[in-house]
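Here the structure comes first, spelled out in structure tokens, and everything after it is commentary.
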Protein chains: 2
Amino acid sequence: MHASKKAIPPSVVKRLPKYLAYVQALCLEKVEWVSSNELAEQLGLTSSTVRQDFSYFDFSGISKRGYETIGLQNMLINILGVDTAWQVVVVGAGNLGRALALHEEFPRRGFNIVGIFDKDPTKLGMKVGALDVKPMRELPTVIGRHKVNMGIVAVPAVAAQSVADLLIVAGVKGLLNMALTHIVAPDTVSVIDSRIVASLLELSHSVSFSR
Amino acid sequence: MHASKKAIPPSVVKRLPKYLAYVQALCLEKVEWVSSNELAEQLGLTSSTVRQDFSYFDFSGISKRGYETIGLQNMLINILGVDTAWQVVVVGAGNLGRALALHEEFPRRGFNIVGIFDKDPTKLGMKVGALDVKPMRELPTVIGRHKVNMGIVAVPAVAAQSVADLLIVAGVKGLLNMALTHIVAPDTVSVIDSRIVASLLELSHSVSFSR
DNA sequence: TAGATTGTTAATCGATTAACAATC
DNA sequence: TAGATTGTTAATCGATTAACAATC
């Protein structure tokens, strides 16, 4: 099941989605080979970093030609764990939650949104694509029935931790946190911050302090 | 204008938004002091990291008490450059673009969305809160008139680079990229990837490979 | 005063880059 | 063959943690 024995360092994992996106585009264009140099230029890295990163995979390039795009694509898909689909719920049916539930890129990449929840009674039953907004008390049932393993927390900061706790109790193993708050979770559960607001603040800093 | 002479390392800047969010919550609760230890516990860091981070600011704590919350909040606001409001446009009026244009957290944190654009003629004129969707050709005018300095790129991957180029030509100094593609920009322009899709892929990896 | 907590230096750890032999 | 490009080792760089004197 696992592509390689040794764990891949976090810094490398963070770059894998961009490699995948670029390599998939090449595959669509029927390009068969790609060099570490081209990847580096296109993704703003050095070729050294690219080759170092790929050394963690059970996958080799060929001198003078580079890496075979389809093989590389498959390897990345396997390592990223997107060779089978994931079932995901969204908690929070505000503008952002609803948009994420409808975001076409998610199912296209193997993330099926199977439920959207909100605690606000006035939102219940509201149609969001094929789904309708369900009350929080139905969260455990839906998670159990659809074998949901990830949850997207799209609620205001003050509610983020308690929603995360509900998702964790219900058995979810990964959380995507849209709020700027820090979420605490046992280390059997991975939490990744989406950093939308944080990114704007970072931008604000770098725009302010560049000459 | 600038809070400190020496540049703050990127690793530190990335943590500032979370410090700010936590300290603002404390200020609302009228808590006056916070220790490096409490911050570390709440944000999943070590107290050493917290003190090291704060050493880049013109701001000191006091032995036995810690850091004064209001002063720390002001310092973070200043360093992050959110002591004055920013004008922002959104390009792409799909589900995600519209949700971001309506996201209450942005104006609350000083990011005013002053325009939303799409190249799809069927979307033109569509109401998004107080705004209506404008054609791409009006981008430069709106950017000039409102002194817009940031753009949110919420279009499909294939269009991301060309939209970024238009925004850059129109004079924007910071880009928030919602797509998974890499965007190339001159180094007078900062680009930050929002990593929504990338985060789900990262989660997928870590959920797959945790025992 | 005694003890808690800062600020800072030094040590460790991890990530990136450089360099180059191996190879196609 | 000659030259381009990989894979890998070693060097550099940066970020995190440990430790502790200074201080309130």
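Just so we're on the same page: first chain in the structure tokens is A, next is B, and so on; residues restart at 1 for each chain, and ligands are numbered from 1 in the order they show up.
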Exercise for review: Pick out each residue of stretch 5-208 of chain B that DSSP on the backbone tags as alpha helix (DSSP H); I need them as a ChimeraX atom specification.
Suggested key: /B:10-28,36-43,47-54,69-80,95-102,105-108,139-145,157-169,196-208
With C-alpha atoms retained, export the selected residues as a CSV table (one decimal), in the first residue's frame.
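The result, stored in out-v9.csv:
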```csv
chain,number,residue,atom,x,y,z
B,10,PRO,CA,9.6,34.2,6.9
B,11,SER,CA,9.2,31.4,9.4
B,12,VAL,CA,8.4,34.0,12.0
B,13,VAL,CA,6.0,36.0,9.8
B,14,LYS,CA,4.0,32.9,9.2
B,15,ARG,CA,3.3,32.6,12.9
B,16,LEU,CA,2.3,36.2,13.4
B,17,PRO,CA,-1.3,35.9,12.3
B,18,LYS,CA,-2.0,33.2,14.8
B,19,TYR,CA,-0.4,35.2,17.6
B,20,LEU,CA,-2.6,38.1,16.6
B,21,ALA,CA,-5.8,36.1,16.6
B,22,TYR,CA,-5.1,34.7,20.0
B,23,VAL,CA,-4.0,38.0,21.5
B,24,GLN,CA,-7.0,39.7,20.1
B,25,ALA,CA,-9.3,37.2,21.8
B,26,LEU,CA,-7.4,37.8,25.1
B,27,CYS,CA,-7.9,41.6,24.7
B,28,LEU,CA,-11.6,41.1,24.2
B,36,SER,CA,5.4,32.9,26.4
B,37,ASN,CA,4.4,29.7,28.0
B,38,GLU,CA,0.7,30.2,27.6
B,39,LEU,CA,1.1,31.3,24.0
B,40,ALA,CA,3.2,28.3,23.3
B,41,GLU,CA,0.6,25.9,24.7
B,42,GLN,CA,-2.3,27.5,23.0
B,43,LEU,CA,-0.7,27.6,19.6
B,47,SER,CA,8.0,29.0,24.7
B,48,SER,CA,11.5,29.3,23.4
B,49,THR,CA,10.1,29.8,19.9
B,50,VAL,CA,7.7,32.4,21.1
B,51,ARG,CA,10.4,34.5,22.9
B,52,GLN,CA,12.7,34.1,20.0
B,53,ASP,CA,10.0,35.3,17.6
B,54,PHE,CA,9.2,38.4,19.8
B,69,THR,CA,-1.7,42.0,25.6
B,70,ILE,CA,-2.7,45.3,24.2
B,71,GLY,CA,0.8,46.4,23.4
B,72,LEU,CA,1.5,43.0,21.8
B,73,GLN,CA,-1.6,43.3,19.8
B,74,ASN,CA,-0.7,46.7,18.5
B,75,MET,CA,2.8,45.6,17.7
B,76,LEU,CA,1.5,42.6,15.7
B,77,ILE,CA,-1.0,44.8,13.9
B,78,ASN,CA,1.8,47.2,13.0
B,79,ILE,CA,4.2,44.5,11.8
B,80,LEU,CA,1.5,42.8,9.8
B,95,ASN,CA,-18.5,29.9,-6.1
B,96,LEU,CA,-15.2,30.5,-4.4
B,97,GLY,CA,-14.7,34.0,-5.7
B,98,ARG,CA,-18.1,35.1,-4.7
B,99,ALA,CA,-17.8,33.5,-1.3
B,100,LEU,CA,-14.5,35.3,-0.7
B,101,ALA,CA,-16.0,38.6,-1.9
B,102,LEU,CA,-18.7,38.1,0.7
B,105,GLU,CA,-13.7,38.2,8.1
B,106,PHE,CA,-11.9,40.1,5.4
B,107,PRO,CA,-13.3,43.6,6.0
B,108,ARG,CA,-13.3,42.9,9.7
B,139,LEU,CA,-9.9,45.9,-14.0
B,140,PRO,CA,-7.3,48.6,-14.6
B,141,THR,CA,-9.8,51.4,-14.0
B,142,VAL,CA,-11.1,50.0,-10.7
B,143,ILE,CA,-7.6,49.2,-9.5
B,144,GLY,CA,-6.5,52.7,-10.3
B,145,ARG,CA,-9.6,54.5,-8.9
B,157,ALA,CA,-5.7,26.8,-12.9
B,158,VAL,CA,-5.3,27.3,-16.6
B,159,ALA,CA,-6.2,31.0,-16.3
B,160,ALA,CA,-4.4,31.8,-13.1
B,161,GLN,CA,-1.1,33.1,-14.7
B,162,SER,CA,-2.8,35.3,-17.3
B,163,VAL,CA,-5.1,36.8,-14.6
B,164,ALA,CA,-2.0,37.4,-12.4
B,165,ASP,CA,-0.3,39.2,-15.3
B,166,LEU,CA,-3.2,41.5,-15.8
B,167,LEU,CA,-3.3,42.3,-12.1
B,168,ILE,CA,0.4,43.0,-12.0
B,169,VAL,CA,0.3,45.2,-15.0
B,196,ILE,CA,-6.8,25.1,-0.1
B,197,VAL,CA,-6.6,22.2,-2.5
B,198,ALA,CA,-2.9,21.6,-1.6
B,199,SER,CA,-3.9,21.3,2.1
B,200,LEU,CA,-6.5,18.6,1.3
B,201,LEU,CA,-3.8,16.7,-0.6
B,202,GLU,CA,-1.4,17.1,2.3
B,203,LEU,CA,-4.1,15.8,4.7
B,204,SER,CA,-4.8,12.9,2.4
B,205,HIS,CA,-1.1,12.0,2.6
B,206,SER,CA,-0.9,12.2,6.3
B,207,VAL,CA,-4.2,10.4,6.9
B,208,SER,CA,-3.0,7.6,4.5
```
As a compact mmCIF listing (two decimals) with N, CA and C atoms (P, O5', C5', C4', C3', O3' and C1' of nucleotides), in the first residue's frame, please: the residues near stretch 1-6 of chain D (cut-off 9 Å, only C-alpha atoms (C1' of nucleotides), same-chain neighbours under 4 positions excluded).
```txt
# COMPACT_ATOMS: atom_id res chain seq x y z
N SER A 35 12.36 17.31 -17.12
CA SER A 35 13.63 17.32 -16.39
C SER A 35 13.49 18.04 -15.05
N SER A 36 14.41 17.77 -14.15
CA SER A 36 14.39 18.45 -12.85
C SER A 36 14.54 19.95 -13.06
N ARG A 51 15.46 17.10 -7.43
CA ARG A 51 16.04 15.75 -7.43
C ARG A 51 16.11 15.18 -6.01
N SER A 60 12.68 6.43 -10.39
CA SER A 60 13.91 6.99 -10.90
C SER A 60 13.73 7.67 -12.24
N GLY A 61 14.54 8.67 -12.45
CA GLY A 61 14.59 9.30 -13.76
C GLY A 61 15.65 8.61 -14.60
N ILE A 62 15.88 9.14 -15.78
CA ILE A 62 16.86 8.57 -16.67
C ILE A 62 17.76 9.71 -17.15
N SER A 63 19.06 9.50 -17.07
CA SER A 63 20.00 10.52 -17.50
C SER A 63 19.69 10.99 -18.91
N LYS A 64 19.83 12.25 -19.13
CA LYS A 64 19.62 12.86 -20.45
C LYS A 64 18.16 13.03 -20.84
N ARG A 65 17.24 12.31 -20.17
CA ARG A 65 15.85 12.45 -20.55
C ARG A 65 15.03 13.11 -19.44
N GLY A 66 15.31 12.71 -18.21
CA GLY A 66 14.55 13.27 -17.10
C GLY A 66 13.60 12.24 -16.52
P DA C 22 32.24 7.37 -10.27
O5' DA C 22 30.73 7.34 -10.74
C5' DA C 22 29.71 6.93 -9.82
C4' DA C 22 28.42 6.73 -10.61
C3' DA C 22 28.53 5.71 -11.75
O3' DA C 22 27.36 4.91 -11.70
C1' DA C 22 27.78 7.79 -12.60
P DT C 23 26.92 3.93 -12.87
O5' DT C 23 26.09 4.91 -13.81
C5' DT C 23 24.68 5.04 -13.67
C4' DT C 23 24.17 5.68 -14.93
C3' DT C 23 24.36 4.81 -16.17
O3' DT C 23 23.18 4.87 -16.95
C1' DT C 23 25.11 6.94 -16.58
P DC C 24 22.12 3.66 -16.98
O5' DC C 24 21.15 4.10 -18.16
C5' DC C 24 20.46 5.36 -18.06
C4' DC C 24 20.73 6.20 -19.28
C3' DC C 24 20.66 5.45 -20.60
O3' DC C 24 19.44 5.79 -21.24
C1' DC C 24 22.40 7.09 -20.56
```
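The interatomic distance for the pair atom C1' of D:DG14 and atom C1' of C:DG7 works out to 20.5 Å.
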Review point. Using the chain letters and numbers from this document, which residues of stretch 21-211 of chain B does DSSP assign to strand (DSSP E), as number ranges by chain?
Key: B: 33-34, 67-68, 86-91, 111-117, 127-128, 131-132, 150-153, 174-177, 190-193
Based on the selection just made, write C-alpha atoms of those residues as a short mmCIF file (atom, residue, chain, number, x, y, z; two decimals), in the first residue's frame.
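Produced file part_7.cif, reproduced below:
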```cif
data_model
loop_
_atom_site.label_atom_id
_atom_site.label_comp_id
_atom_site.auth_asym_id
_atom_site.auth_seq_id
_atom_site.Cartn_x
_atom_site.Cartn_y
_atom_site.Cartn_z
CA TRP B 33 -0.92 39.79 30.41
CA VAL B 34 0.13 36.65 28.61
CA TYR B 67 3.69 40.37 27.66
CA GLU B 68 1.10 43.10 27.87
CA TRP B 86 -6.19 47.49 2.18
CA GLN B 87 -8.24 47.61 -1.00
CA VAL B 88 -8.59 44.25 -2.68
CA VAL B 89 -10.17 42.90 -5.85
CA VAL B 90 -11.31 39.36 -6.54
CA VAL B 91 -10.93 37.91 -10.02
CA PHE B 111 -9.27 43.95 3.71
CA ASN B 112 -12.01 45.71 1.74
CA ILE B 113 -13.20 43.97 -1.38
CA VAL B 114 -13.84 46.75 -3.87
CA GLY B 115 -14.46 44.77 -7.03
CA ILE B 116 -15.15 41.32 -8.46
CA PHE B 117 -14.40 40.42 -12.07
CA LYS B 127 -24.94 40.90 -7.73
CA VAL B 128 -22.40 39.82 -5.12
CA LEU B 131 -20.84 44.71 -5.77
CA ASP B 132 -21.69 43.51 -9.21
CA MET B 150 -3.94 43.27 -3.66
CA GLY B 151 -5.74 40.82 -5.89
CA ILE B 152 -7.28 37.44 -5.13
CA VAL B 153 -6.95 35.04 -8.05
CA GLY B 174 0.32 41.35 -3.70
CA LEU B 175 -1.51 38.29 -5.02
CA LEU B 176 -3.38 35.60 -3.17
CA ASN B 177 -3.50 32.58 -5.44
CA SER B 190 4.47 39.10 -3.51
CA VAL B 191 2.52 35.97 -4.28
CA ILE B 192 1.10 33.76 -1.57
CA ASP B 193 -0.62 30.48 -2.31
#
```
Exercise for review: Name the closest residue to chain B among the candidates A:Gly110, A:Pro121, A:Gly81, A:Gly94; distances are taken between atoms, counting only C-alpha atoms.
Suggested key: A:Gly81
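For the atom pair formed by atom CA of A:Ser194 and atom CA of A:Val82, the distance is 18.7 Å, given to one decimal.
Shortest atom-to-atom contact with chain B among A:Pro186, A:Lys119, A:Asp83, A:His103: A:His103, counting only C-alpha atoms.
The protein and nucleic acid residues lying at most 10 Å from stretch 18-21 of chain C are A:Ser48, D:DG7, D:DT8, D:DT9, D:DA10, D:DA11, D:DT12, with only C-alpha atoms (C1' of nucleotides) considered and sequence neighbours fewer than 3 positions away removed.
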**Study point:** atom C1' of C:DC13 to atom C1' of D:DT16, distance in Å rounded to a single decimal
**Key:** 7.3 Å
